[in-house]
>>> print(open('model38.txt').read())   # compact mmCIF, N, CA and C atoms
# COMPACT_ATOMS: atom_id res chain seq x y z
N MET A 1 -1.93 27.55 -90.04
CA MET A 1 -2.76 26.77 -89.16
C MET A 1 -2.65 27.33 -87.74
N TYR A 2 -3.75 27.25 -87.05
CA TYR A 2 -3.73 27.66 -85.66
C TYR A 2 -4.80 26.92 -84.87
N LEU A 3 -4.65 26.95 -83.55
CA LEU A 3 -5.57 26.32 -82.62
C LEU A 3 -6.35 27.39 -81.89
N ARG A 4 -7.60 27.08 -81.59
CA ARG A 4 -8.40 27.97 -80.75
C ARG A 4 -9.40 27.15 -79.95
N LYS A 5 -9.91 27.76 -78.89
CA LYS A 5 -10.92 27.07 -78.09
C LYS A 5 -12.25 27.05 -78.84
N ARG A 6 -13.01 26.03 -78.55
CA ARG A 6 -14.33 25.84 -79.17
C ARG A 6 -15.29 26.94 -78.77
N ILE A 7 -16.07 27.38 -79.73
CA ILE A 7 -17.19 28.29 -79.50
C ILE A 7 -18.44 27.46 -79.81
N PRO A 8 -19.12 26.94 -78.77
CA PRO A 8 -20.16 25.94 -78.98
C PRO A 8 -21.20 26.29 -80.05
N TYR A 9 -21.82 27.43 -79.97
CA TYR A 9 -22.89 27.75 -80.92
C TYR A 9 -22.37 27.88 -82.35
N GLN A 10 -21.12 28.20 -82.48
CA GLN A 10 -20.51 28.40 -83.80
C GLN A 10 -19.87 27.12 -84.35
N ASP A 11 -19.29 26.31 -83.48
CA ASP A 11 -18.50 25.16 -83.91
C ASP A 11 -19.23 23.82 -83.86
N ASP A 12 -20.17 23.67 -82.95
CA ASP A 12 -20.74 22.34 -82.71
C ASP A 12 -21.36 21.67 -83.94
N PRO A 13 -22.10 22.37 -84.79
CA PRO A 13 -22.63 21.67 -85.97
C PRO A 13 -21.53 21.04 -86.82
N TYR A 14 -20.43 21.76 -87.02
CA TYR A 14 -19.30 21.22 -87.78
C TYR A 14 -18.66 20.04 -87.07
N LEU A 15 -18.42 20.18 -85.76
CA LEU A 15 -17.78 19.12 -84.99
C LEU A 15 -18.63 17.85 -84.98
N ILE A 16 -19.92 18.02 -84.78
CA ILE A 16 -20.83 16.86 -84.77
C ILE A 16 -20.83 16.18 -86.13
N ASN A 17 -20.91 16.94 -87.19
CA ASN A 17 -20.90 16.38 -88.54
C ASN A 17 -19.59 15.64 -88.81
N LEU A 18 -18.48 16.24 -88.45
CA LEU A 18 -17.18 15.62 -88.67
C LEU A 18 -17.05 14.30 -87.90
N ALA A 19 -17.48 14.29 -86.66
CA ALA A 19 -17.39 13.08 -85.84
C ALA A 19 -18.33 11.98 -86.34
N THR A 20 -19.56 12.34 -86.65
CA THR A 20 -20.51 11.32 -87.08
C THR A 20 -20.12 10.74 -88.45
N ASN A 21 -19.56 11.56 -89.32
CA ASN A 21 -19.15 11.06 -90.64
C ASN A 21 -17.87 10.24 -90.60
N ASN A 22 -16.96 10.55 -89.69
CA ASN A 22 -15.67 9.85 -89.64
C ASN A 22 -15.67 8.63 -88.73
N PHE A 23 -16.50 8.64 -87.70
CA PHE A 23 -16.48 7.55 -86.73
C PHE A 23 -17.82 6.84 -86.57
N ASN A 24 -18.79 7.21 -87.35
CA ASN A 24 -20.12 6.61 -87.27
C ASN A 24 -20.65 6.60 -85.84
N VAL A 25 -20.35 7.64 -85.10
CA VAL A 25 -20.83 7.77 -83.73
C VAL A 25 -22.20 8.47 -83.79
N ASP A 26 -23.09 8.07 -82.91
CA ASP A 26 -24.40 8.69 -82.82
C ASP A 26 -24.25 10.16 -82.43
N SER A 27 -24.98 11.04 -83.09
CA SER A 27 -24.83 12.48 -82.85
C SER A 27 -25.17 12.84 -81.41
N LYS A 28 -26.18 12.21 -80.81
CA LYS A 28 -26.54 12.51 -79.41
C LYS A 28 -25.43 12.07 -78.46
N LYS A 29 -24.83 10.92 -78.74
CA LYS A 29 -23.72 10.46 -77.91
C LYS A 29 -22.54 11.42 -78.03
N PHE A 30 -22.27 11.88 -79.24
CA PHE A 30 -21.15 12.80 -79.42
C PHE A 30 -21.43 14.14 -78.75
N GLU A 31 -22.66 14.62 -78.81
CA GLU A 31 -23.02 15.87 -78.12
C GLU A 31 -22.75 15.73 -76.62
N SER A 32 -23.05 14.56 -76.07
CA SER A 32 -22.78 14.29 -74.66
C SER A 32 -21.29 14.35 -74.37
N ILE A 33 -20.49 13.80 -75.27
CA ILE A 33 -19.03 13.84 -75.10
C ILE A 33 -18.53 15.28 -75.13
N LEU A 34 -19.07 16.08 -76.05
CA LEU A 34 -18.68 17.50 -76.11
C LEU A 34 -19.02 18.21 -74.80
N ARG A 35 -20.20 17.93 -74.25
CA ARG A 35 -20.61 18.57 -73.00
C ARG A 35 -19.72 18.15 -71.83
N SER A 36 -19.25 16.89 -71.84
CA SER A 36 -18.45 16.41 -70.72
C SER A 36 -16.95 16.68 -70.89
N ALA A 37 -16.55 17.14 -72.07
CA ALA A 37 -15.13 17.40 -72.31
C ALA A 37 -14.64 18.55 -71.44
N HIS A 38 -13.44 18.41 -70.94
CA HIS A 38 -12.83 19.52 -70.20
C HIS A 38 -12.56 20.67 -71.16
N GLU A 39 -12.09 20.29 -72.35
CA GLU A 39 -11.78 21.32 -73.34
C GLU A 39 -11.88 20.72 -74.74
N VAL A 40 -12.33 21.53 -75.67
CA VAL A 40 -12.37 21.17 -77.08
C VAL A 40 -11.56 22.23 -77.81
N ILE A 41 -10.53 21.79 -78.52
CA ILE A 41 -9.65 22.69 -79.27
C ILE A 41 -9.93 22.48 -80.76
N VAL A 42 -10.18 23.58 -81.45
CA VAL A 42 -10.50 23.55 -82.87
C VAL A 42 -9.25 23.94 -83.66
N LEU A 43 -8.98 23.17 -84.70
CA LEU A 43 -7.87 23.45 -85.61
C LEU A 43 -8.43 24.20 -86.82
N CYS A 44 -7.82 25.33 -87.14
CA CYS A 44 -8.27 26.15 -88.27
C CYS A 44 -7.13 26.32 -89.26
N ASN A 45 -7.49 26.45 -90.55
CA ASN A 45 -6.47 26.75 -91.55
C ASN A 45 -6.20 28.25 -91.53
N ASN A 46 -5.31 28.71 -92.38
CA ASN A 46 -4.91 30.13 -92.37
C ASN A 46 -6.04 31.07 -92.76
N GLU A 47 -7.09 30.54 -93.39
CA GLU A 47 -8.25 31.35 -93.76
C GLU A 47 -9.30 31.36 -92.65
N GLY A 48 -9.02 30.70 -91.54
CA GLY A 48 -9.95 30.66 -90.41
C GLY A 48 -11.01 29.58 -90.52
N GLU A 49 -10.92 28.71 -91.52
CA GLU A 49 -11.89 27.63 -91.68
C GLU A 49 -11.54 26.48 -90.74
N LYS A 50 -12.54 25.90 -90.14
CA LYS A 50 -12.34 24.76 -89.26
C LYS A 50 -11.94 23.55 -90.10
N ILE A 51 -10.88 22.86 -89.66
CA ILE A 51 -10.45 21.67 -90.41
C ILE A 51 -10.27 20.45 -89.51
N GLY A 52 -10.52 20.61 -88.23
CA GLY A 52 -10.40 19.49 -87.32
C GLY A 52 -10.52 19.94 -85.88
N PHE A 53 -10.37 19.00 -84.97
CA PHE A 53 -10.45 19.32 -83.55
C PHE A 53 -9.95 18.15 -82.72
N PHE A 54 -9.74 18.43 -81.45
CA PHE A 54 -9.53 17.36 -80.48
C PHE A 54 -10.20 17.77 -79.18
N CYS A 55 -10.66 16.78 -78.44
CA CYS A 55 -11.28 17.08 -77.16
C CYS A 55 -10.76 16.08 -76.13
N TYR A 56 -10.70 16.54 -74.90
CA TYR A 56 -10.17 15.71 -73.83
C TYR A 56 -10.87 16.02 -72.52
N ARG A 57 -10.64 15.11 -71.58
CA ARG A 57 -11.13 15.31 -70.22
C ARG A 57 -10.06 14.80 -69.25
N PHE A 58 -10.07 15.35 -68.06
CA PHE A 58 -9.09 14.92 -67.06
C PHE A 58 -9.52 13.61 -66.42
N LEU A 59 -8.57 12.70 -66.32
CA LEU A 59 -8.77 11.46 -65.57
C LEU A 59 -8.32 11.66 -64.13
N LEU A 60 -7.19 12.31 -63.97
CA LEU A 60 -6.62 12.67 -62.68
C LEU A 60 -6.21 14.13 -62.77
N LYS A 61 -5.59 14.63 -61.74
CA LYS A 61 -5.23 16.05 -61.68
C LYS A 61 -4.47 16.53 -62.91
N ASN A 62 -3.51 15.75 -63.39
CA ASN A 62 -2.69 16.20 -64.52
C ASN A 62 -2.55 15.15 -65.62
N ILE A 63 -3.52 14.25 -65.68
CA ILE A 63 -3.54 13.23 -66.73
C ILE A 63 -4.86 13.32 -67.47
N ILE A 64 -4.77 13.42 -68.80
CA ILE A 64 -5.99 13.55 -69.59
C ILE A 64 -6.25 12.31 -70.44
N PHE A 65 -7.50 12.18 -70.83
CA PHE A 65 -7.92 11.16 -71.77
C PHE A 65 -8.44 11.90 -73.00
N ILE A 66 -7.86 11.60 -74.16
CA ILE A 66 -8.32 12.22 -75.40
C ILE A 66 -9.51 11.44 -75.91
N ASP A 67 -10.64 12.10 -76.00
CA ASP A 67 -11.84 11.45 -76.51
C ASP A 67 -11.81 11.35 -78.04
N TYR A 68 -11.44 12.43 -78.69
CA TYR A 68 -11.41 12.44 -80.16
C TYR A 68 -10.29 13.34 -80.66
N VAL A 69 -9.66 12.89 -81.73
CA VAL A 69 -8.77 13.71 -82.54
C VAL A 69 -9.24 13.47 -83.97
N ILE A 70 -9.76 14.50 -84.59
CA ILE A 70 -10.31 14.33 -85.94
C ILE A 70 -9.81 15.46 -86.84
N LEU A 71 -9.30 15.07 -87.98
CA LEU A 71 -8.89 16.01 -89.02
C LEU A 71 -9.78 15.76 -90.23
N ASP A 72 -10.31 16.81 -90.78
CA ASP A 72 -11.17 16.69 -91.96
C ASP A 72 -10.46 15.85 -93.02
N PRO A 73 -11.13 14.87 -93.62
CA PRO A 73 -10.48 13.98 -94.58
C PRO A 73 -9.74 14.69 -95.71
N GLN A 74 -10.23 15.84 -96.15
CA GLN A 74 -9.53 16.53 -97.23
C GLN A 74 -8.19 17.13 -96.81
N TYR A 75 -7.93 17.16 -95.49
CA TYR A 75 -6.65 17.68 -94.99
C TYR A 75 -5.74 16.57 -94.47
N GLN A 76 -6.22 15.34 -94.46
CA GLN A 76 -5.41 14.23 -93.98
C GLN A 76 -4.30 13.89 -94.97
N GLY A 77 -3.20 13.38 -94.44
CA GLY A 77 -2.09 12.96 -95.29
C GLY A 77 -1.19 14.09 -95.75
N ARG A 78 -1.36 15.26 -95.19
CA ARG A 78 -0.54 16.42 -95.58
C ARG A 78 0.50 16.80 -94.52
N GLY A 79 0.59 16.00 -93.47
CA GLY A 79 1.56 16.29 -92.42
C GLY A 79 1.09 17.35 -91.43
N ILE A 80 -0.18 17.72 -91.49
CA ILE A 80 -0.70 18.77 -90.62
C ILE A 80 -0.65 18.35 -89.15
N ALA A 81 -1.16 17.18 -88.85
CA ALA A 81 -1.17 16.72 -87.46
C ALA A 81 0.25 16.62 -86.91
N HIS A 82 1.15 16.09 -87.71
CA HIS A 82 2.54 15.95 -87.27
C HIS A 82 3.18 17.31 -87.01
N SER A 83 2.90 18.28 -87.85
CA SER A 83 3.52 19.59 -87.68
C SER A 83 2.95 20.34 -86.48
N LEU A 84 1.74 19.99 -86.06
CA LEU A 84 1.13 20.67 -84.91
C LEU A 84 1.49 20.03 -83.57
N LEU A 85 2.06 18.85 -83.60
CA LEU A 85 2.36 18.14 -82.36
C LEU A 85 3.16 18.99 -81.37
N PRO A 86 4.25 19.66 -81.78
CA PRO A 86 4.98 20.48 -80.80
C PRO A 86 4.09 21.55 -80.16
N ASN A 87 3.17 22.15 -80.93
CA ASN A 87 2.26 23.15 -80.37
C ASN A 87 1.32 22.52 -79.35
N LEU A 88 0.85 21.33 -79.65
CA LEU A 88 -0.06 20.65 -78.73
C LEU A 88 0.64 20.27 -77.43
N VAL A 89 1.87 19.79 -77.54
CA VAL A 89 2.64 19.43 -76.35
C VAL A 89 2.89 20.67 -75.50
N GLU A 90 3.26 21.76 -76.12
CA GLU A 90 3.51 23.00 -75.39
C GLU A 90 2.23 23.49 -74.71
N TYR A 91 1.12 23.41 -75.43
CA TYR A 91 -0.18 23.81 -74.87
C TYR A 91 -0.49 22.94 -73.65
N ALA A 92 -0.30 21.64 -73.78
CA ALA A 92 -0.58 20.72 -72.66
C ALA A 92 0.28 21.05 -71.45
N LYS A 93 1.54 21.33 -71.67
CA LYS A 93 2.42 21.67 -70.56
C LYS A 93 1.96 22.94 -69.85
N LYS A 94 1.49 23.93 -70.61
CA LYS A 94 0.98 25.16 -70.00
C LYS A 94 -0.27 24.89 -69.16
N GLN A 95 -1.02 23.85 -69.52
CA GLN A 95 -2.21 23.47 -68.77
C GLN A 95 -1.86 22.55 -67.59
N ARG A 96 -0.55 22.32 -67.39
CA ARG A 96 -0.03 21.45 -66.33
C ARG A 96 -0.38 19.98 -66.56
N ILE A 97 -0.58 19.62 -67.80
CA ILE A 97 -0.85 18.23 -68.16
C ILE A 97 0.49 17.51 -68.28
N ARG A 98 0.60 16.35 -67.63
CA ARG A 98 1.85 15.61 -67.66
C ARG A 98 1.71 14.22 -68.30
N GLY A 99 0.47 13.77 -68.44
CA GLY A 99 0.24 12.47 -69.05
C GLY A 99 -0.97 12.54 -69.97
N VAL A 100 -0.87 11.87 -71.10
CA VAL A 100 -1.95 11.85 -72.08
C VAL A 100 -2.27 10.39 -72.40
N THR A 101 -3.56 10.06 -72.34
CA THR A 101 -4.00 8.72 -72.67
C THR A 101 -5.09 8.81 -73.73
N GLY A 102 -5.36 7.67 -74.33
CA GLY A 102 -6.43 7.60 -75.32
C GLY A 102 -6.71 6.16 -75.67
N TYR A 103 -7.68 5.99 -76.50
CA TYR A 103 -8.07 4.66 -76.96
C TYR A 103 -8.13 4.69 -78.48
N VAL A 104 -7.51 3.70 -79.11
CA VAL A 104 -7.52 3.61 -80.57
C VAL A 104 -8.12 2.27 -80.96
N SER A 105 -9.11 2.33 -81.81
CA SER A 105 -9.76 1.12 -82.31
C SER A 105 -8.79 0.32 -83.16
N LYS A 106 -8.87 -0.99 -83.10
CA LYS A 106 -8.04 -1.84 -83.95
C LYS A 106 -8.40 -1.66 -85.42
N ASN A 107 -9.58 -1.11 -85.70
CA ASN A 107 -9.98 -0.82 -87.07
C ASN A 107 -9.32 0.44 -87.62
N ASN A 108 -8.58 1.15 -86.76
CA ASN A 108 -7.96 2.41 -87.16
C ASN A 108 -6.44 2.31 -87.01
N SER A 109 -5.83 1.41 -87.77
CA SER A 109 -4.40 1.18 -87.64
C SER A 109 -3.59 2.42 -88.03
N LYS A 110 -4.12 3.23 -88.93
CA LYS A 110 -3.42 4.47 -89.32
C LYS A 110 -3.26 5.39 -88.11
N ALA A 111 -4.32 5.55 -87.34
CA ALA A 111 -4.24 6.40 -86.14
C ALA A 111 -3.28 5.80 -85.12
N PHE A 112 -3.35 4.48 -84.95
CA PHE A 112 -2.45 3.83 -83.99
C PHE A 112 -1.00 4.09 -84.37
N HIS A 113 -0.65 3.95 -85.63
CA HIS A 113 0.73 4.17 -86.07
C HIS A 113 1.13 5.64 -85.92
N THR A 114 0.19 6.55 -86.14
CA THR A 114 0.49 7.97 -85.94
C THR A 114 0.80 8.25 -84.48
N PHE A 115 -0.05 7.76 -83.58
CA PHE A 115 0.20 7.97 -82.16
C PHE A 115 1.50 7.30 -81.72
N LYS A 116 1.77 6.12 -82.23
CA LYS A 116 3.00 5.41 -81.90
C LYS A 116 4.22 6.23 -82.37
N HIS A 117 4.13 6.80 -83.55
CA HIS A 117 5.21 7.65 -84.08
C HIS A 117 5.43 8.86 -83.16
N TRP A 118 4.37 9.36 -82.55
CA TRP A 118 4.46 10.51 -81.65
C TRP A 118 4.98 10.13 -80.27
N GLY A 119 5.21 8.84 -80.04
CA GLY A 119 5.76 8.41 -78.76
C GLY A 119 4.78 7.75 -77.82
N PHE A 120 3.52 7.61 -78.22
CA PHE A 120 2.55 6.92 -77.38
C PHE A 120 2.90 5.44 -77.34
N LYS A 121 2.67 4.84 -76.20
CA LYS A 121 2.94 3.41 -76.01
C LYS A 121 1.63 2.70 -75.69
N PRO A 122 1.50 1.46 -76.16
CA PRO A 122 0.33 0.66 -75.76
C PRO A 122 0.40 0.38 -74.26
N ILE A 123 -0.72 0.54 -73.58
CA ILE A 123 -0.78 0.27 -72.15
C ILE A 123 -1.57 -1.02 -71.90
N ILE A 124 -2.73 -1.09 -72.52
CA ILE A 124 -3.58 -2.28 -72.38
C ILE A 124 -4.18 -2.60 -73.75
N ASN A 125 -4.07 -3.85 -74.15
CA ASN A 125 -4.71 -4.31 -75.38
C ASN A 125 -6.07 -4.90 -75.05
N PHE A 126 -7.05 -4.52 -75.85
CA PHE A 126 -8.39 -5.08 -75.75
C PHE A 126 -8.68 -5.80 -77.07
N SER A 127 -9.73 -6.57 -77.10
CA SER A 127 -10.05 -7.30 -78.33
C SER A 127 -10.38 -6.37 -79.48
N ASN A 128 -10.90 -5.18 -79.18
CA ASN A 128 -11.28 -4.26 -80.25
C ASN A 128 -10.46 -2.98 -80.31
N GLY A 129 -9.38 -2.88 -79.51
CA GLY A 129 -8.57 -1.68 -79.55
C GLY A 129 -7.44 -1.69 -78.54
N VAL A 130 -6.79 -0.54 -78.44
CA VAL A 130 -5.62 -0.40 -77.58
C VAL A 130 -5.75 0.89 -76.77
N PHE A 131 -5.52 0.79 -75.46
CA PHE A 131 -5.42 1.95 -74.59
C PHE A 131 -3.96 2.39 -74.65
N ILE A 132 -3.72 3.65 -75.02
CA ILE A 132 -2.35 4.15 -75.22
C ILE A 132 -2.07 5.31 -74.26
N GLY A 133 -0.78 5.62 -74.10
CA GLY A 133 -0.43 6.74 -73.24
C GLY A 133 0.98 7.23 -73.49
N ILE A 134 1.22 8.43 -72.98
CA ILE A 134 2.55 9.06 -73.08
C ILE A 134 2.73 10.00 -71.89
N HIS A 135 3.95 10.09 -71.41
CA HIS A 135 4.32 11.06 -70.38
C HIS A 135 4.96 12.24 -71.10
N ILE A 136 4.50 13.46 -70.81
CA ILE A 136 5.09 14.65 -71.48
C ILE A 136 5.80 15.54 -70.50
>>> encode(input="model38.txt", output="structure tokens")
Amino acid sequence: MYLRKRIPYQDDPYLINLATNNFNVDSKKFESILRSAHEVIVLCNNEGEKIGFFCYRFLLKNIIFIDYVILDPQYQGRGIAHSLLPNLVEYAKKQRIRGVTGYVSKNNSKAFHTFKHWGFKPIINFSNGVFIGIHI
């Protein structure tokens, strides 16, 4: 497995399909999120096939908000995300990122527990989700 930066013309159809199928987000809204993202990182398997991605934007100078973290359903539950966490933290530190925030829907308890296991803490509870964060 490895990470690489997004190549829009090559990756966007896959990313849009993955997001719309997993989160029922409107494709035009997701395209807007991709355009406004500071960076989109694509996760590839050893054969170079795209299997997921994450995108973020800066809230402040060194604090980011993760818009999406998506792993293709056929790769979920294999410990892939957990094994990549040290690489992601190291990458973030090289980008001078010191804080990471995100929002997890209450309908996605699996994601909430994964982020909690990684050290994210709830910051603000909303009726439909939780704003989470971690200092790295």
>>> residues_around(input="model38.txt", residues="range 39-53 of chain A", least_positions_apart="3", cutoff="6.5 Å", atoms="only N, CA and C atoms", output="list in words")
Met1, Tyr2, Leu3, Arg4, Lys5, Arg6, Ser36, Tyr56, Arg57, Tyr68, Val69, Ile70, Leu71 and Asp72 of chain A
>>> atom_distance(input="model38.txt", atom1="atom N of Asn24 in chain A", atom2="CA of Lys110 in chain A")
15.7 Å
>>> atom_distance(input="model38.txt", atom1="atom C of Asn107 in chain A", atom2="atom C of Ala92 in chain A")
27.9 Å
>>> select_by_dssp(input="model38.txt", residues="chain A", states="strand (DSSP E)", output="compact mmCIF listing (two decimals) with N, CA and C atoms, keeping the file's coordinate frame")
# COMPACT_ATOMS: atom_id res chain seq x y z
N TYR A 2 -3.75 27.25 -87.05
CA TYR A 2 -3.73 27.66 -85.66
C TYR A 2 -4.80 26.92 -84.87
N LEU A 3 -4.65 26.95 -83.55
CA LEU A 3 -5.57 26.32 -82.62
C LEU A 3 -6.35 27.39 -81.89
N ARG A 4 -7.60 27.08 -81.59
CA ARG A 4 -8.40 27.97 -80.75
C ARG A 4 -9.40 27.15 -79.95
N LYS A 5 -9.91 27.76 -78.89
CA LYS A 5 -10.92 27.07 -78.09
C LYS A 5 -12.25 27.05 -78.84
N GLU A 39 -12.09 20.29 -72.35
CA GLU A 39 -11.78 21.32 -73.34
C GLU A 39 -11.88 20.72 -74.74
N VAL A 40 -12.33 21.53 -75.67
CA VAL A 40 -12.37 21.17 -77.08
C VAL A 40 -11.56 22.23 -77.81
N ILE A 41 -10.53 21.79 -78.52
CA ILE A 41 -9.65 22.69 -79.27
C ILE A 41 -9.93 22.48 -80.76
N VAL A 42 -10.18 23.58 -81.45
CA VAL A 42 -10.50 23.55 -82.87
C VAL A 42 -9.25 23.94 -83.66
N LEU A 43 -8.98 23.17 -84.70
CA LEU A 43 -7.87 23.45 -85.61
C LEU A 43 -8.43 24.20 -86.82
N CYS A 44 -7.82 25.33 -87.14
CA CYS A 44 -8.27 26.15 -88.27
C CYS A 44 -7.13 26.32 -89.26
N LYS A 50 -12.54 25.90 -90.14
CA LYS A 50 -12.34 24.76 -89.26
C LYS A 50 -11.94 23.55 -90.10
N ILE A 51 -10.88 22.86 -89.66
CA ILE A 51 -10.45 21.67 -90.41
C ILE A 51 -10.27 20.45 -89.51
N GLY A 52 -10.52 20.61 -88.23
CA GLY A 52 -10.40 19.49 -87.32
C GLY A 52 -10.52 19.94 -85.88
N PHE A 53 -10.37 19.00 -84.97
CA PHE A 53 -10.45 19.32 -83.55
C PHE A 53 -9.95 18.15 -82.72
N PHE A 54 -9.74 18.43 -81.45
CA PHE A 54 -9.53 17.36 -80.48
C PHE A 54 -10.20 17.77 -79.18
N CYS A 55 -10.66 16.78 -78.44
CA CYS A 55 -11.28 17.08 -77.16
C CYS A 55 -10.76 16.08 -76.13
N TYR A 56 -10.70 16.54 -74.90
CA TYR A 56 -10.17 15.71 -73.83
C TYR A 56 -10.87 16.02 -72.52
N ARG A 57 -10.64 15.11 -71.58
CA ARG A 57 -11.13 15.31 -70.22
C ARG A 57 -10.06 14.80 -69.25
N PHE A 58 -10.07 15.35 -68.06
CA PHE A 58 -9.09 14.92 -67.06
C PHE A 58 -9.52 13.61 -66.42
N LEU A 59 -8.57 12.70 -66.32
CA LEU A 59 -8.77 11.46 -65.57
C LEU A 59 -8.32 11.66 -64.13
N LEU A 60 -7.19 12.31 -63.97
CA LEU A 60 -6.62 12.67 -62.68
C LEU A 60 -6.21 14.13 -62.77
N ILE A 63 -3.52 14.25 -65.68
CA ILE A 63 -3.54 13.23 -66.73
C ILE A 63 -4.86 13.32 -67.47
N ILE A 64 -4.77 13.42 -68.80
CA ILE A 64 -5.99 13.55 -69.59
C ILE A 64 -6.25 12.31 -70.44
N PHE A 65 -7.50 12.18 -70.83
CA PHE A 65 -7.92 11.16 -71.77
C PHE A 65 -8.44 11.90 -73.00
N ILE A 66 -7.86 11.60 -74.16
CA ILE A 66 -8.32 12.22 -75.40
C ILE A 66 -9.51 11.44 -75.91
N ASP A 67 -10.64 12.10 -76.00
CA ASP A 67 -11.84 11.45 -76.51
C ASP A 67 -11.81 11.35 -78.04
N TYR A 68 -11.44 12.43 -78.69
CA TYR A 68 -11.41 12.44 -80.16
C TYR A 68 -10.29 13.34 -80.66
N VAL A 69 -9.66 12.89 -81.73
CA VAL A 69 -8.77 13.71 -82.54
C VAL A 69 -9.24 13.47 -83.97
N ILE A 70 -9.76 14.50 -84.59
CA ILE A 70 -10.31 14.33 -85.94
C ILE A 70 -9.81 15.46 -86.84
N LEU A 71 -9.30 15.07 -87.98
CA LEU A 71 -8.89 16.01 -89.02
C LEU A 71 -9.78 15.76 -90.23
N GLY A 99 0.47 13.77 -68.44
CA GLY A 99 0.24 12.47 -69.05
C GLY A 99 -0.97 12.54 -69.97
N VAL A 100 -0.87 11.87 -71.10
CA VAL A 100 -1.95 11.85 -72.08
C VAL A 100 -2.27 10.39 -72.40
N THR A 101 -3.56 10.06 -72.34
CA THR A 101 -4.00 8.72 -72.67
C THR A 101 -5.09 8.81 -73.73
N GLY A 102 -5.36 7.67 -74.33
CA GLY A 102 -6.43 7.60 -75.32
C GLY A 102 -6.71 6.16 -75.67
N TYR A 103 -7.68 5.99 -76.50
CA TYR A 103 -8.07 4.66 -76.96
C TYR A 103 -8.13 4.69 -78.48
N VAL A 104 -7.51 3.70 -79.11
CA VAL A 104 -7.52 3.61 -80.57
C VAL A 104 -8.12 2.27 -80.96
N SER A 105 -9.11 2.33 -81.81
CA SER A 105 -9.76 1.12 -82.31
C SER A 105 -8.79 0.32 -83.16
N LYS A 121 2.67 4.84 -76.20
CA LYS A 121 2.94 3.41 -76.01
C LYS A 121 1.63 2.70 -75.69
N PRO A 122 1.50 1.46 -76.16
CA PRO A 122 0.33 0.66 -75.76
C PRO A 122 0.40 0.38 -74.26
N ILE A 123 -0.72 0.54 -73.58
CA ILE A 123 -0.78 0.27 -72.15
C ILE A 123 -1.57 -1.02 -71.90
N ILE A 124 -2.73 -1.09 -72.52
CA ILE A 124 -3.58 -2.28 -72.38
C ILE A 124 -4.18 -2.60 -73.75
N ASN A 125 -4.07 -3.85 -74.15
CA ASN A 125 -4.71 -4.31 -75.38
C ASN A 125 -6.07 -4.90 -75.05
N PHE A 126 -7.05 -4.52 -75.85
CA PHE A 126 -8.39 -5.08 -75.75
C PHE A 126 -8.68 -5.80 -77.07
N GLY A 129 -9.38 -2.88 -79.51
CA GLY A 129 -8.57 -1.68 -79.55
C GLY A 129 -7.44 -1.69 -78.54
N VAL A 130 -6.79 -0.54 -78.44
CA VAL A 130 -5.62 -0.40 -77.58
C VAL A 130 -5.75 0.89 -76.77
N PHE A 131 -5.52 0.79 -75.46
CA PHE A 131 -5.42 1.95 -74.59
C PHE A 131 -3.96 2.39 -74.65
N ILE A 132 -3.72 3.65 -75.02
CA ILE A 132 -2.35 4.15 -75.22
C ILE A 132 -2.07 5.31 -74.26
N GLY A 133 -0.78 5.62 -74.10
CA GLY A 133 -0.43 6.74 -73.24
C GLY A 133 0.98 7.23 -73.49
N ILE A 134 1.22 8.43 -72.98
CA ILE A 134 2.55 9.06 -73.08
C ILE A 134 2.73 10.00 -71.89
N HIS A 135 3.95 10.09 -71.41
CA HIS A 135 4.32 11.06 -70.38
C HIS A 135 4.96 12.24 -71.10
>>> closest_residue(input="model38.txt", among="A:Ile16, A:Ser127, A:His38, A:Ser27", to="Cys55 in chain A", atoms="all atoms listed in the file")
A:His38
>>> select_by_dssp(input="model38.txt", residues="chain A", states="helix (DSSP H, G or I)", output="MDAnalysis selection string")
chainID A and resid 8:23 27:36 73:75 80:94 109:117
>>> residues_near_point(input="model38.txt", point="(-18.3, 11.5, -80.5)", cutoff="9 Å", atoms="only C-alpha atoms", output="PyMOL selection string")
chain A and resi 15-16+19-20+23-34+67-68
>>> atom_distance(input="model38.txt", atom1="CA of Lys116 in chain A", atom2="CA of Ala37 in chain A")
23.8 Å
>>> closest_residue(input="model38.txt", among="A:Asn21, A:Gln95, A:Asn108, A:Thr101", to="Ile66 in chain A", atoms="only N, CA and C atoms")
A:Thr101
>>> closest_residue(input="model38.txt", among="A:Leu18, A:Gly133, A:Phe54, A:Arg98", to="Gly119 in chain A", atoms="only C-alpha atoms")
A:Gly133
